>>> print(open('run32.cif').read())   # mmCIF, C-alpha atoms
data_my_file
#
loop_
_atom_site.label_atom_id
_atom_site.label_comp_id
_atom_site.auth_asym_id
_atom_site.auth_seq_id
_atom_site.Cartn_x
_atom_site.Cartn_y
_atom_site.Cartn_z
CA MET M 1410 -51.66 0.24 0.17
CA LEU M 1411 -51.54 4.01 0.80
CA LYS M 1412 -54.64 3.81 3.03
CA THR M 1413 -53.02 1.08 5.12
CA PHE M 1414 -49.83 3.12 5.45
CA VAL M 1415 -51.74 6.22 6.60
CA THR M 1416 -53.72 4.18 9.13
CA LEU M 1417 -50.52 2.69 10.50
CA LEU M 1418 -49.01 6.16 10.86
CA ALA M 1419 -52.07 7.29 12.79
CA VAL M 1420 -51.65 4.44 15.26
CA LEU M 1421 -47.92 5.01 15.58
CA ALA M 1422 -48.47 8.71 16.25
CA THR M 1423 -49.86 7.78 19.67
CA LEU M 1424 -46.61 6.09 20.68
CA PRO M 1425 -44.09 7.97 22.86
CA GLY M 1426 -41.37 9.68 20.85
CA PHE M 1427 -43.08 9.20 17.50
CA SER M 1428 -43.59 12.34 15.44
CA GLN M 1429 -45.20 12.64 12.03
CA LYS M 1430 -42.87 15.60 11.44
CA THR M 1431 -39.89 13.25 11.38
CA ASP M 1432 -38.65 11.75 8.10
CA ARG M 1433 -39.69 8.12 7.87
CA ILE M 1434 -39.38 5.08 5.68
CA SER M 1435 -41.63 2.06 5.43
CA VAL M 1436 -39.96 -1.31 4.78
CA ASN M 1437 -42.08 -4.16 3.47
CA ASN M 1438 -40.91 -7.78 3.68
CA PRO M 1439 -43.45 -10.09 2.01
CA GLY M 1440 -41.15 -13.12 2.24
CA ALA M 1441 -39.04 -14.96 4.81
CA SER M 1442 -37.25 -13.27 7.71
CA ARG M 1443 -34.13 -11.35 6.79
CA TRP M 1444 -31.15 -10.70 9.04
CA ASN M 1445 -28.37 -8.26 8.19
CA ALA M 1446 -30.42 -7.12 5.19
CA ILE M 1447 -28.69 -4.28 3.35
CA ILE M 1448 -31.12 -1.55 2.31
CA THR M 1449 -30.50 1.58 0.25
CA PHE M 1450 -32.73 4.49 -0.70
CA PRO M 1451 -32.27 8.03 -2.01
CA TYR M 1452 -32.12 10.54 0.83
CA THR M 1453 -30.86 14.06 1.48
CA PRO M 1454 -31.09 15.05 5.17
CA ALA M 1455 -32.46 18.47 6.02
CA SER M 1456 -29.47 19.23 8.26
CA GLY M 1457 -26.30 17.17 8.57
CA THR M 1458 -25.47 13.53 7.92
CA ALA M 1459 -23.66 12.65 11.15
CA ASN M 1460 -25.00 10.11 13.65
CA LEU M 1461 -28.18 9.32 11.72
CA CYS M 1462 -30.14 6.21 12.62
CA LEU M 1463 -33.27 4.32 11.67
CA ILE M 1464 -35.47 3.93 14.73
CA ASP M 1465 -37.90 1.00 14.59
CA SER M 1466 -41.28 2.42 15.65
CA ARG M 1467 -42.32 -0.95 17.08
CA ASN M 1468 -39.47 -1.78 19.45
CA ARG M 1469 -37.34 1.42 19.30
CA LYS M 1470 -34.33 -0.57 18.11
CA SER M 1471 -31.77 1.65 16.42
CA TYR M 1472 -29.92 0.89 13.16
CA PRO M 1473 -27.11 3.21 11.97
CA LEU M 1474 -27.76 5.08 8.72
CA GLN M 1475 -24.96 6.33 6.48
CA ILE M 1476 -25.30 8.84 3.65
CA LEU M 1477 -23.02 8.29 0.65
CA PRO M 1478 -21.73 10.99 -1.72
CA THR M 1479 -24.04 9.48 -4.33
CA GLY M 1480 -27.08 10.67 -2.33
CA GLU M 1481 -27.92 7.15 -1.20
CA ALA M 1482 -28.74 6.24 2.39
CA VAL M 1483 -27.55 2.79 3.49
CA SER M 1484 -28.48 0.76 6.55
CA ILE M 1485 -28.41 -2.88 7.67
CA ILE M 1486 -31.59 -4.10 9.39
CA ASP M 1487 -33.39 -7.18 10.63
CA ILE M 1488 -37.02 -7.78 9.72
CA ASP M 1489 -39.30 -10.74 10.32
CA ALA M 1490 -41.24 -12.64 7.68
CA GLY M 1491 -44.31 -10.88 6.30
CA GLU M 1492 -43.68 -7.68 8.27
CA ARG M 1493 -44.12 -4.06 7.30
CA ARG M 1494 -42.08 -1.76 9.52
CA ILE M 1495 -41.99 2.01 9.96
CA PHE M 1496 -38.61 3.57 10.77
CA GLN M 1497 -38.00 7.16 11.84
CA ILE M 1498 -34.79 8.86 10.71
CA LYS M 1499 -33.20 10.55 13.71
CA SER M 1500 -29.83 11.59 15.05
CA ARG M 1501 -28.48 9.38 17.83
CA ARG M 1502 -25.12 8.95 19.54
CA PRO M 1503 -22.65 7.20 17.24
CA GLN M 1504 -22.25 3.44 17.25
CA ALA M 1505 -18.98 2.16 18.69
CA SER M 1506 -18.38 -0.30 15.85
CA LYS M 1507 -17.69 1.17 12.46
CA ALA M 1508 -15.86 0.50 9.23
CA GLU M 1509 -12.48 2.20 8.89
CA ILE M 1510 -10.32 3.22 5.93
CA VAL M 1511 -6.55 3.63 6.12
CA GLU M 1512 -5.03 5.32 3.05
CA GLU M 1513 -1.47 4.34 2.17
CA GLU M 1514 0.64 4.94 -0.91
CA LYS M 1515 0.35 1.38 -2.23
CA GLN M 1516 -3.12 0.48 -1.01
CA VAL M 1517 -6.28 1.59 0.75
CA ARG M 1518 -6.99 -0.77 3.64
CA VAL M 1519 -10.53 -1.44 4.88
CA LEU M 1520 -10.93 -2.51 8.50
CA LEU M 1521 -13.86 -3.86 10.50
CA ASN M 1522 -13.56 -3.96 14.28
CA GLY M 1523 -9.91 -2.97 13.93
CA LYS M 1524 -8.99 -5.86 11.60
CA GLN M 1525 -8.26 -5.52 7.89
CA ILE M 1526 -10.69 -7.36 5.61
CA ILE M 1527 -9.68 -6.12 2.14
CA GLY M 1528 -7.17 -3.85 0.44
CA PHE M 1529 -7.60 -1.73 -2.68
CA GLN M 1530 -4.31 -1.70 -4.61
CA THR M 1531 -3.04 1.47 -6.29
CA GLY M 1532 -0.11 -0.19 -8.12
CA ARG M 1533 2.34 2.24 -6.50
CA GLY M 1534 4.16 -0.24 -4.29
CA ASP M 1535 7.20 -2.39 -5.03
CA LEU M 1536 6.63 -5.26 -7.43
CA PRO M 1537 7.14 -8.79 -6.06
CA GLU M 1538 10.50 -10.39 -6.84
CA GLY M 1539 10.54 -11.87 -10.31
CA VAL M 1540 7.68 -9.73 -11.67
CA GLU M 1541 8.63 -7.57 -14.65
CA PRO M 1542 7.51 -3.91 -14.81
CA ILE M 1543 5.20 -4.63 -17.78
CA TYR M 1544 2.85 -6.44 -15.37
CA ARG M 1545 2.43 -3.51 -12.99
CA ARG M 1546 -1.16 -2.41 -12.47
CA GLY M 1547 -3.50 -1.03 -9.83
CA GLY M 1548 -7.21 -0.52 -9.37
CA TYR M 1549 -8.14 -3.91 -7.92
CA ILE M 1550 -8.82 -5.69 -4.61
CA HIS M 1551 -6.12 -7.61 -2.73
CA PRO M 1552 -5.83 -9.03 -0.18
CA VAL M 1553 -9.20 -10.48 0.68
CA LEU M 1554 -8.98 -11.81 4.24
CA SER M 1555 -11.43 -14.09 6.03
CA PRO M 1556 -12.96 -12.87 9.32
CA SER M 1557 -10.19 -14.71 11.21
CA GLY M 1558 -7.51 -13.20 8.97
CA LEU M 1559 -6.85 -16.02 6.50
CA GLN M 1560 -5.79 -14.70 3.07
CA ILE M 1561 -7.97 -16.13 0.29
CA THR M 1562 -6.60 -14.17 -2.70
CA ASP M 1563 -3.29 -14.17 -4.58
CA ASP M 1564 -1.51 -11.36 -6.43
CA TYR M 1565 0.98 -11.56 -9.31
CA PRO M 1566 1.11 -15.41 -9.19
CA GLN M 1567 4.11 -16.78 -11.09
CA ASP M 1568 1.97 -18.88 -13.46
CA HIS M 1569 -0.19 -15.88 -14.43
CA LYS M 1570 1.47 -12.64 -13.35
CA HIS M 1571 -1.46 -10.64 -14.74
CA HIS M 1572 -3.89 -12.16 -12.18
CA HIS M 1573 -4.72 -9.94 -9.21
CA GLY M 1574 -7.03 -10.89 -6.33
CA VAL M 1575 -10.34 -9.44 -7.56
CA TRP M 1576 -9.84 -7.45 -10.77
CA ALA M 1577 -11.53 -6.51 -14.03
CA ALA M 1578 -10.27 -6.44 -17.62
CA TRP M 1579 -11.35 -7.28 -21.17
CA THR M 1580 -9.35 -9.62 -23.36
CA LYS M 1581 -10.23 -9.94 -27.05
CA THR M 1582 -11.36 -6.50 -28.29
CA SER M 1583 -11.56 -4.22 -31.30
CA PHE M 1584 -11.00 -0.47 -31.02
CA GLN M 1585 -10.45 2.00 -33.86
CA GLY M 1586 -9.52 -0.91 -36.13
CA ARG M 1587 -6.89 -2.26 -33.71
CA ASN M 1588 -7.04 -5.15 -31.22
CA PRO M 1589 -5.88 -4.11 -27.75
CA ASP M 1590 -5.78 -6.82 -25.05
CA PHE M 1591 -6.27 -5.30 -21.60
CA TRP M 1592 -5.93 -8.69 -19.85
CA ASN M 1593 -2.74 -10.39 -21.10
CA MET M 1594 -0.30 -7.65 -20.24
CA ALA M 1595 2.86 -9.47 -21.36
CA GLN M 1596 1.85 -8.86 -24.98
CA ASN M 1597 2.06 -5.09 -24.34
CA LYS M 1598 -1.13 -4.51 -26.36
CA GLY M 1599 -3.11 -2.97 -23.53
CA ALA M 1600 -3.31 -2.32 -19.80
CA VAL M 1601 -5.69 -1.17 -17.09
CA GLU M 1602 -4.15 1.70 -15.16
CA PHE M 1603 -5.26 3.14 -11.84
CA ARG M 1604 -5.78 6.90 -12.09
CA ALA M 1605 -7.17 8.28 -8.85
CA LEU M 1606 -9.30 7.81 -5.79
CA ASP M 1607 -12.45 9.75 -6.52
CA HIS M 1608 -13.96 9.40 -3.06
CA VAL M 1609 -13.47 7.41 0.15
CA GLN M 1610 -15.79 7.34 3.14
CA ALA M 1611 -15.95 5.22 6.27
CA GLY M 1612 -18.74 5.12 8.82
CA PRO M 1613 -20.94 2.95 11.02
CA VAL M 1614 -22.55 1.08 8.10
CA LEU M 1615 -19.86 0.68 5.45
CA ALA M 1616 -16.56 1.68 3.92
CA TYR M 1617 -16.95 3.24 0.48
CA ILE M 1618 -14.20 3.54 -2.15
CA ALA M 1619 -14.75 5.03 -5.60
CA ALA M 1620 -11.70 4.83 -7.87
CA LYS M 1621 -11.02 5.67 -11.50
CA ASN M 1622 -9.20 3.30 -13.90
CA SER M 1623 -8.23 3.72 -17.56
CA TYR M 1624 -8.20 1.00 -20.23
CA MET M 1625 -5.22 1.96 -22.38
CA ASP M 1626 -4.71 0.82 -25.97
CA LYS M 1627 -0.95 0.24 -26.26
CA THR M 1628 -0.94 -0.97 -29.86
CA ILE M 1629 -0.32 2.60 -31.03
CA LEU M 1630 1.91 5.51 -30.01
CA PRO M 1631 1.01 7.59 -28.22
CA HIS M 1632 -1.21 5.20 -26.26
CA VAL M 1633 -4.97 5.90 -26.48
CA GLU M 1634 -7.48 5.63 -23.66
CA ALA M 1635 -10.29 3.40 -24.93
CA LEU M 1636 -12.41 3.05 -21.80
CA LYS M 1637 -12.92 4.91 -18.53
CA GLU M 1638 -13.87 2.80 -15.52
CA ASP M 1639 -15.33 3.72 -12.14
CA PHE M 1640 -14.40 0.89 -9.77
CA ILE M 1641 -16.67 1.21 -6.72
CA VAL M 1642 -16.31 -0.83 -3.53
CA ARG M 1643 -18.72 -1.02 -0.60
CA ALA M 1644 -17.62 -3.08 2.41
CA TYR M 1645 -20.42 -3.51 4.95
CA ASN M 1646 -20.08 -3.49 8.72
CA ILE M 1647 -21.91 -6.72 9.49
CA SER M 1648 -18.84 -8.55 10.80
CA GLY M 1649 -18.32 -9.02 14.50
CA SER M 1650 -17.53 -11.52 17.20
CA GLN M 1651 -20.85 -13.31 16.69
CA LYS M 1652 -20.75 -13.33 12.88
CA ARG M 1653 -18.63 -15.64 10.75
CA PHE M 1654 -18.85 -13.69 7.50
CA TYR M 1655 -18.70 -10.24 5.97
CA VAL M 1656 -19.86 -8.74 2.68
CA PHE M 1657 -18.43 -6.34 0.12
CA ASP M 1658 -19.81 -5.19 -3.24
CA ILE M 1659 -18.00 -4.20 -6.42
CA GLU M 1660 -19.68 -2.10 -9.09
CA LEU M 1661 -18.07 -1.42 -12.45
CA GLN M 1662 -19.19 1.58 -14.50
CA GLN M 1663 -17.47 1.72 -17.89
CA ARG M 1664 -17.74 4.47 -20.52
CA CYS M 1665 -16.08 5.04 -23.88
CA ALA M 1666 -13.18 7.49 -23.58
CA THR M 1667 -13.54 8.64 -27.20
CA GLN M 1668 -16.30 8.85 -29.79
CA ASP M 1669 -15.37 5.32 -30.90
CA GLN M 1670 -17.02 2.17 -29.59
CA LEU M 1671 -15.18 -0.67 -27.88
CA ILE M 1672 -16.15 -4.04 -29.35
CA LEU M 1673 -15.85 -7.01 -27.00
CA LEU M 1674 -15.27 -10.00 -29.24
CA SER M 1675 -16.34 -13.53 -28.37
CA HIS M 1676 -13.90 -15.05 -25.88
CA ILE M 1677 -13.87 -17.58 -23.04
CA TYR M 1678 -12.82 -15.12 -20.33
CA GLY M 1679 -12.92 -11.41 -19.52
CA GLY M 1680 -14.81 -9.15 -17.13
CA ILE M 1681 -14.69 -9.46 -13.33
CA ALA M 1682 -12.32 -12.17 -12.08
CA PHE M 1683 -11.09 -13.80 -8.86
CA ARG M 1684 -7.72 -15.45 -8.17
CA GLY M 1685 -7.50 -17.59 -5.03
CA ASN M 1686 -4.65 -18.16 -2.62
CA GLY M 1687 -1.60 -19.85 -4.13
CA VAL M 1688 -1.98 -22.86 -1.81
CA TRP M 1689 -5.18 -23.64 -3.75
CA ASN M 1690 -3.22 -24.29 -6.95
CA GLY M 1691 -3.78 -27.78 -8.28
CA LYS M 1692 -6.96 -29.57 -9.25
CA GLU M 1693 -7.66 -31.01 -5.79
CA HIS M 1694 -6.85 -28.00 -3.60
CA ALA M 1695 -9.91 -25.80 -4.18
CA GLN M 1696 -13.60 -26.62 -4.30
CA PHE M 1697 -16.13 -24.92 -6.58
CA LEU M 1698 -19.93 -24.91 -6.52
CA THR M 1699 -22.28 -22.89 -8.72
CA SER M 1700 -25.92 -21.92 -8.27
CA GLY M 1701 -26.69 -24.55 -10.90
CA GLY M 1702 -25.13 -27.28 -8.76
CA LYS M 1703 -22.03 -27.50 -10.97
CA ASN M 1704 -18.44 -28.02 -9.81
CA ARG M 1705 -14.99 -27.48 -11.32
CA GLU M 1706 -15.34 -30.50 -13.61
CA ASN M 1707 -18.68 -29.55 -15.18
CA GLY M 1708 -19.22 -25.87 -14.32
CA ASN M 1709 -16.98 -24.18 -16.88
CA ALA M 1710 -18.93 -22.32 -19.61
CA THR M 1711 -22.21 -22.71 -17.71
CA ASN M 1712 -24.36 -19.79 -16.58
CA ALA M 1713 -24.76 -19.06 -12.88
CA ASP M 1714 -26.20 -16.56 -10.41
CA TRP M 1715 -23.36 -17.32 -8.00
CA ILE M 1716 -20.23 -19.38 -7.50
CA ARG M 1717 -18.60 -20.61 -4.28
CA VAL M 1718 -14.81 -21.09 -4.04
CA SER M 1719 -13.11 -22.50 -0.94
CA GLY M 1720 -10.03 -24.30 0.31
CA GLN M 1721 -7.60 -24.83 3.17
CA VAL M 1722 -5.33 -21.98 4.29
CA ALA M 1723 -2.87 -22.72 7.09
CA GLY M 1724 -4.83 -25.87 7.89
CA LYS M 1725 -8.18 -24.06 8.16
CA LEU M 1726 -11.07 -23.86 5.69
CA ALA M 1727 -12.10 -20.47 4.28
CA GLY M 1728 -13.80 -19.23 1.16
CA VAL M 1729 -15.85 -16.73 -0.79
CA THR M 1730 -19.13 -16.81 -2.67
CA ILE M 1731 -19.51 -14.32 -5.52
CA LEU M 1732 -23.02 -13.23 -6.52
CA SER M 1733 -23.65 -11.76 -9.98
CA HIS M 1734 -26.52 -9.26 -9.93
CA PRO M 1735 -29.56 -10.20 -12.06
CA SER M 1736 -29.43 -6.80 -13.78
CA ASN M 1737 -25.98 -7.58 -15.21
CA PHE M 1738 -25.65 -7.91 -18.96
CA ARG M 1739 -26.54 -11.45 -20.09
CA ALA M 1740 -27.40 -12.53 -16.53
CA PRO M 1741 -27.06 -15.19 -15.39
CA GLN M 1742 -23.61 -14.73 -16.84
CA PRO M 1743 -21.37 -17.49 -18.23
CA LEU M 1744 -18.46 -18.67 -16.10
CA ARG M 1745 -14.85 -19.39 -16.83
CA ILE M 1746 -13.56 -21.90 -14.25
CA HIS M 1747 -9.91 -22.87 -14.66
CA PRO M 1748 -9.34 -26.65 -14.52
CA LYS M 1749 -6.29 -26.47 -12.24
CA GLU M 1750 -5.89 -22.96 -10.85
CA PRO M 1751 -8.11 -21.22 -8.26
CA TYR M 1752 -9.41 -18.76 -10.81
CA ILE M 1753 -12.88 -17.85 -12.09
CA SER M 1754 -14.34 -15.11 -14.27
CA PHE M 1755 -17.90 -14.00 -14.96
CA ALA M 1756 -17.45 -13.69 -18.74
CA PRO M 1757 -20.40 -12.31 -20.74
CA SER M 1758 -18.24 -12.42 -23.88
CA GLN M 1759 -18.57 -16.23 -23.85
CA ALA M 1760 -22.08 -15.74 -25.24
CA GLY M 1761 -20.82 -13.73 -28.22
CA GLU M 1762 -19.70 -10.29 -29.29
CA PHE M 1763 -21.13 -7.14 -27.73
CA ARG M 1764 -20.27 -3.45 -27.72
CA ILE M 1765 -19.85 -0.53 -25.37
CA GLN M 1766 -21.11 2.47 -27.31
CA PRO M 1767 -20.24 6.18 -26.81
CA GLY M 1768 -22.75 7.85 -24.50
CA GLU M 1769 -23.67 4.54 -22.84
CA VAL M 1770 -22.62 3.13 -19.46
CA TYR M 1771 -21.78 -0.53 -19.10
CA THR M 1772 -22.62 -1.41 -15.48
CA ALA M 1773 -21.82 -4.69 -13.73
CA ARG M 1774 -22.41 -5.45 -10.05
CA TYR M 1775 -21.17 -8.29 -7.87
CA ARG M 1776 -21.43 -9.17 -4.17
CA PHE M 1777 -18.69 -11.06 -2.32
CA ILE M 1778 -19.49 -13.03 0.84
CA VAL M 1779 -16.32 -13.99 2.72
CA TYR M 1780 -16.24 -16.48 5.59
CA ASP M 1781 -14.31 -18.97 7.64
CA GLY M 1782 -15.38 -22.58 7.24
CA GLU M 1783 -17.85 -23.38 4.48
CA ALA M 1784 -21.10 -21.69 3.46
CA ASP M 1785 -24.06 -24.02 2.97
CA THR M 1786 -26.38 -23.48 0.03
CA GLY M 1787 -29.30 -22.44 2.24
CA PHE M 1788 -27.27 -19.54 3.62
CA ILE M 1789 -26.08 -18.57 0.15
CA GLN M 1790 -29.61 -18.67 -1.27
CA GLY M 1791 -30.78 -16.36 1.52
CA MET M 1792 -27.97 -13.92 0.72
CA TRP M 1793 -28.82 -14.20 -2.99
CA LYS M 1794 -32.43 -13.24 -2.24
CA ASP M 1795 -31.29 -10.18 -0.27
CA TYR M 1796 -29.14 -9.13 -3.21
CA SER M 1797 -31.43 -9.98 -6.11
CA GLN M 1798 -34.76 -9.08 -4.45
CA PRO M 1799 -34.13 -6.12 -2.13
CA LEU M 1800 -36.72 -5.11 0.41
CA LYS M 1801 -39.36 -2.64 -0.78
CA ILE M 1802 -39.03 0.83 0.70
CA GLU M 1803 -41.42 3.80 0.75
CA ILE M 1804 -40.06 7.20 1.74
CA ASN M 1805 -42.00 9.91 3.60
CA LEU M 1806 -40.14 13.19 3.96
CA ASN M 1807 -41.29 15.99 6.26
CA HIS M 1808 -38.68 18.66 5.59
CA ASP M 1809 -38.74 21.39 2.96
#
>>> encode(input="run32.cif", output="structure tokens")
Amino acid sequence: MLKTFVTLLAVLATLPGFSQKTDRISVNNPGASRWNAIITFPYTPASGTANLCLIDSRNRKSYPLQILPTGEAVSIIDIDAGERRIFQIKSRRPQASKAEIVEEEKQVRVLLNGKQIIGFQTGRGDLPEGVEPIYRRGGYIHPVLSPSGLQITDDYPQDHKHHHGVWAAWTKTSFQGRNPDFWNMAQNKGAVEFRALDHVQAGPVLAYIAAKNSYMDKTILPHVEALKEDFIVRAYNISGSQKRFYVFDIELQQRCATQDQLILLSHIYGGIAFRGNGVWNGKEHAQFLTSGGKNRENGNATNADWIRVSGQVAGKLAGVTILSHPSNFRAPQPLRIHPKEPYISFAPSQAGEFRIQPGEVYTARYRFIVYDGEADTGFIQGMWKDYSQPLKIEINLNHD
């Protein structure tokens, strides 16, 4: 493989504008063609991070490259089936289209092409009428809007005021001999509280939000922090006038806040969750499909790589497909699908008790594909392959 790569570089070196002194990556695609493929790799530029691009050595096409505070480089490329491509990393004039972040007191809004697609809630705004203060929380995603602007999530619904767009919490737990419940907030046994925005960044490839949440045990005074959570959002700039969907990722990183473990007891729900638009309430108003071909009637408590949820909003069809990364604990994870409400949860606790131990990091990753209309299974399977089997990348650096 190395010999082939060196030979290819020798050929490319004869092309105009190609320099072996430029940082390069090689991207190998042994399978089918991929469009809007999200790639990431570790990279620290020799000088500056602004206006970086990947330049395809074959056709000179340019793809914006964005460097995150984590030291990752992110780009979105197209590559044909069976191809191996060499890309130079160079500085080019900035792309007109970019993701934007607008920070407000109650939420952080993410925009693509000037239109909001999601909001990250801080919990600092006014509560909806009829919602008691005990239900207040932040550190979650709402609204989620389709590319045409249809709202597909709900927040503080009257039947379950502790449901919030796209959120995370644990339900049946044991901590220091007590049993806090971070999900059912009306019991006042626990809560998930937004603490701070750790980092936000917007650029030509994505909007990046890293926030900190605390899982508070309220069964004792003073309250005790049981779990620290990094709630990380990446919303990718693949939406535009010719594209009917967009993508955002959520990554949860959870650590014990003390020297005591948090035991997650067996329960039917808990973890990452989604609550759909209120007009989807009722058994017939939302449609569900899992990677196993299951629906609302037979999909509950089954394991799945992904689940699709859709319904009518203002007379138009819109929806979301949620992918659960294969590296997640107990993947493919069990699902909780509510029989009448537009609510699902990837719930690893369905399969039995597990523990988050001091010094360990519980990591869970999910990808959300949001669209107008309906997404066919062929499209979803292609997106699942991009997520579960990322393109292979080799890095060749030429700076000290």
>>> resolve_selection(input="run32.cif", expression="the PyMOL selection byres ((chain M and resi 1586) around 12)", output="compact mmCIF listing (two decimals) with C-alpha atoms, in the frame of the given file")
# COMPACT_ATOMS: atom_id res chain seq x y z
CA THR M 1582 -11.36 -6.50 -28.29
CA SER M 1583 -11.56 -4.22 -31.30
CA PHE M 1584 -11.00 -0.47 -31.02
CA GLN M 1585 -10.45 2.00 -33.86
CA ARG M 1587 -6.89 -2.26 -33.71
CA ASN M 1588 -7.04 -5.15 -31.22
CA PRO M 1589 -5.88 -4.11 -27.75
CA ASP M 1626 -4.71 0.82 -25.97
CA THR M 1628 -0.94 -0.97 -29.86
CA ILE M 1629 -0.32 2.60 -31.03
CA ASP M 1669 -15.37 5.32 -30.90
CA GLN M 1670 -17.02 2.17 -29.59
CA LEU M 1671 -15.18 -0.67 -27.88
CA ILE M 1672 -16.15 -4.04 -29.35
>>> closest_residue(input="run32.cif", among="M:Glu1481, M:Phe1496, M:Gln1475, M:Pro1613", to="Thr1431 of chain M", atoms="all atoms listed in the file")
M:Phe1496
>>> resolve_selection(input="run32.cif", expression="the PyMOL selection byres ((chain M and resi 1491-1494) around 6)", output="PyMOL selection string")
chain M and resi 1435-1440+1489-1490+1495
>>> write_last_selection(input="run32.cif", atoms="C-alpha atoms", output="PDB file, in the coordinates of the input")
ATOM      1  CA  SER M1435     -41.630   2.060   5.430  1.00  0.00           C
ATOM      2  CA  VAL M1436     -39.960  -1.310   4.780  1.00  0.00           C
ATOM      3  CA  ASN M1437     -42.080  -4.160   3.470  1.00  0.00           C
ATOM      4  CA  ASN M1438     -40.910  -7.780   3.680  1.00  0.00           C
ATOM      5  CA  PRO M1439     -43.450 -10.090   2.010  1.00  0.00           C
ATOM      6  CA  GLY M1440     -41.150 -13.120   2.240  1.00  0.00           C
ATOM      7  CA  ASP M1489     -39.300 -10.740  10.320  1.00  0.00           C
ATOM      8  CA  ALA M1490     -41.240 -12.640   7.680  1.00  0.00           C
ATOM      9  CA  ILE M1495     -41.990   2.010   9.960  1.00  0.00           C
TER      10      ILE M1495
END
>>> residues_around(input="run32.cif", residues="Lys1499 of chain M", least_positions_apart="2", cutoff="10 Å", atoms="only C-alpha atoms", output="ChimeraX atom specification")
/M:1431-1433,1454,1460-1464,1471,1473-1474,1496-1497,1501
>>> residues_around(input="run32.cif", residues="Val1575 of chain M", least_positions_apart="6", cutoff="6 Å", atoms="only C-alpha atoms", output="list of chain:residue names")
M:Tyr1549, M:Ile1550, M:Ala1682, M:Phe1683
>>> residues_around(input="run32.cif", residues="Ala1760 of chain M", least_positions_apart="2", cutoff="8 Å", atoms="all atoms listed in the file", output="PyMOL selection string")
chain M and resi 1675+1743+1757-1758+1762
>>> write_last_selection(input="run32.cif", atoms="C-alpha atoms", output="PDB file, in the frame of the given file")
ATOM      1  CA  SER M1675     -16.340 -13.530 -28.370  1.00  0.00           C
ATOM      2  CA  PRO M1743     -21.370 -17.490 -18.230  1.00  0.00           C
ATOM      3  CA  PRO M1757     -20.400 -12.310 -20.740  1.00  0.00           C
ATOM      4  CA  SER M1758     -18.240 -12.420 -23.880  1.00  0.00           C
ATOM      5  CA  GLU M1762     -19.700 -10.290 -29.290  1.00  0.00           C
TER       6      GLU M1762
END
>>> decode(input="run32.cif", residues="segment 1701-1714 of chain M", atoms="N, CA and C atoms", output="PDB file, in the first residue's frame")
ATOM      1  N   GLY M1701     -34.364  -2.576  11.620  1.00  0.00           N
ATOM      2  CA  GLY M1701     -34.800  -3.969  11.576  1.00  0.00           C
ATOM      3  C   GLY M1701     -36.136  -4.160  10.895  1.00  0.00           C
ATOM      4  N   GLY M1702     -36.674  -3.083  10.269  1.00  0.00           N
ATOM      5  CA  GLY M1702     -37.946  -3.182   9.582  1.00  0.00           C
ATOM      6  C   GLY M1702     -39.146  -3.144  10.501  1.00  0.00           C
ATOM      7  N   LYS M1703     -38.964  -2.709  11.748  1.00  0.00           N
ATOM      8  CA  LYS M1703     -40.043  -2.665  12.724  1.00  0.00           C
ATOM      9  C   LYS M1703     -40.723  -1.299  12.701  1.00  0.00           C
ATOM     10  N   ASN M1704     -42.000  -1.281  13.159  1.00  0.00           N
ATOM     11  CA  ASN M1704     -42.740  -0.033  13.243  1.00  0.00           C
ATOM     12  C   ASN M1704     -43.151   0.225  14.695  1.00  0.00           C
ATOM     13  N   ARG M1705     -44.068   1.172  14.891  1.00  0.00           N
ATOM     14  CA  ARG M1705     -44.487   1.508  16.252  1.00  0.00           C
ATOM     15  C   ARG M1705     -45.088   0.304  16.971  1.00  0.00           C
ATOM     16  N   GLU M1706     -45.842  -0.512  16.253  1.00  0.00           N
ATOM     17  CA  GLU M1706     -46.553  -1.632  16.864  1.00  0.00           C
ATOM     18  C   GLU M1706     -45.610  -2.738  17.343  1.00  0.00           C
ATOM     19  N   ASN M1707     -44.529  -2.984  16.591  1.00  0.00           N
ATOM     20  CA  ASN M1707     -43.669  -4.120  16.949  1.00  0.00           C
ATOM     21  C   ASN M1707     -42.204  -3.743  17.173  1.00  0.00           C
ATOM     22  N   GLY M1708     -41.890  -2.436  17.201  1.00  0.00           N
ATOM     23  CA  GLY M1708     -40.496  -2.023  17.319  1.00  0.00           C
ATOM     24  C   GLY M1708     -40.023  -1.745  18.727  1.00  0.00           C
ATOM     25  N   ASN M1709     -40.977  -1.543  19.666  1.00  0.00           N
ATOM     26  CA  ASN M1709     -40.571  -1.243  21.034  1.00  0.00           C
ATOM     27  C   ASN M1709     -39.779  -2.411  21.628  1.00  0.00           C
ATOM     28  N   ALA M1710     -38.705  -2.084  22.362  1.00  0.00           N
ATOM     29  CA  ALA M1710     -37.842  -3.076  23.028  1.00  0.00           C
ATOM     30  C   ALA M1710     -37.099  -3.967  22.038  1.00  0.00           C
ATOM     31  N   THR M1711     -36.968  -3.510  20.777  1.00  0.00           N
ATOM     32  CA  THR M1711     -36.104  -4.201  19.827  1.00  0.00           C
ATOM     33  C   THR M1711     -34.821  -3.391  19.660  1.00  0.00           C
ATOM     34  N   ASN M1712     -33.782  -4.020  19.164  1.00  0.00           N
ATOM     35  CA  ASN M1712     -32.502  -3.347  18.966  1.00  0.00           C
ATOM     36  C   ASN M1712     -32.411  -2.821  17.537  1.00  0.00           C
ATOM     37  N   ALA M1713     -31.792  -1.653  17.372  1.00  0.00           N
ATOM     38  CA  ALA M1713     -31.753  -1.049  16.044  1.00  0.00           C
ATOM     39  C   ALA M1713     -30.517  -0.182  15.868  1.00  0.00           C
ATOM     40  N   ASP M1714     -30.022  -0.129  14.636  1.00  0.00           N
ATOM     41  CA  ASP M1714     -28.954   0.805  14.278  1.00  0.00           C
ATOM     42  C   ASP M1714     -29.513   2.205  14.075  1.00  0.00           C
TER      43      ASP M1714
END
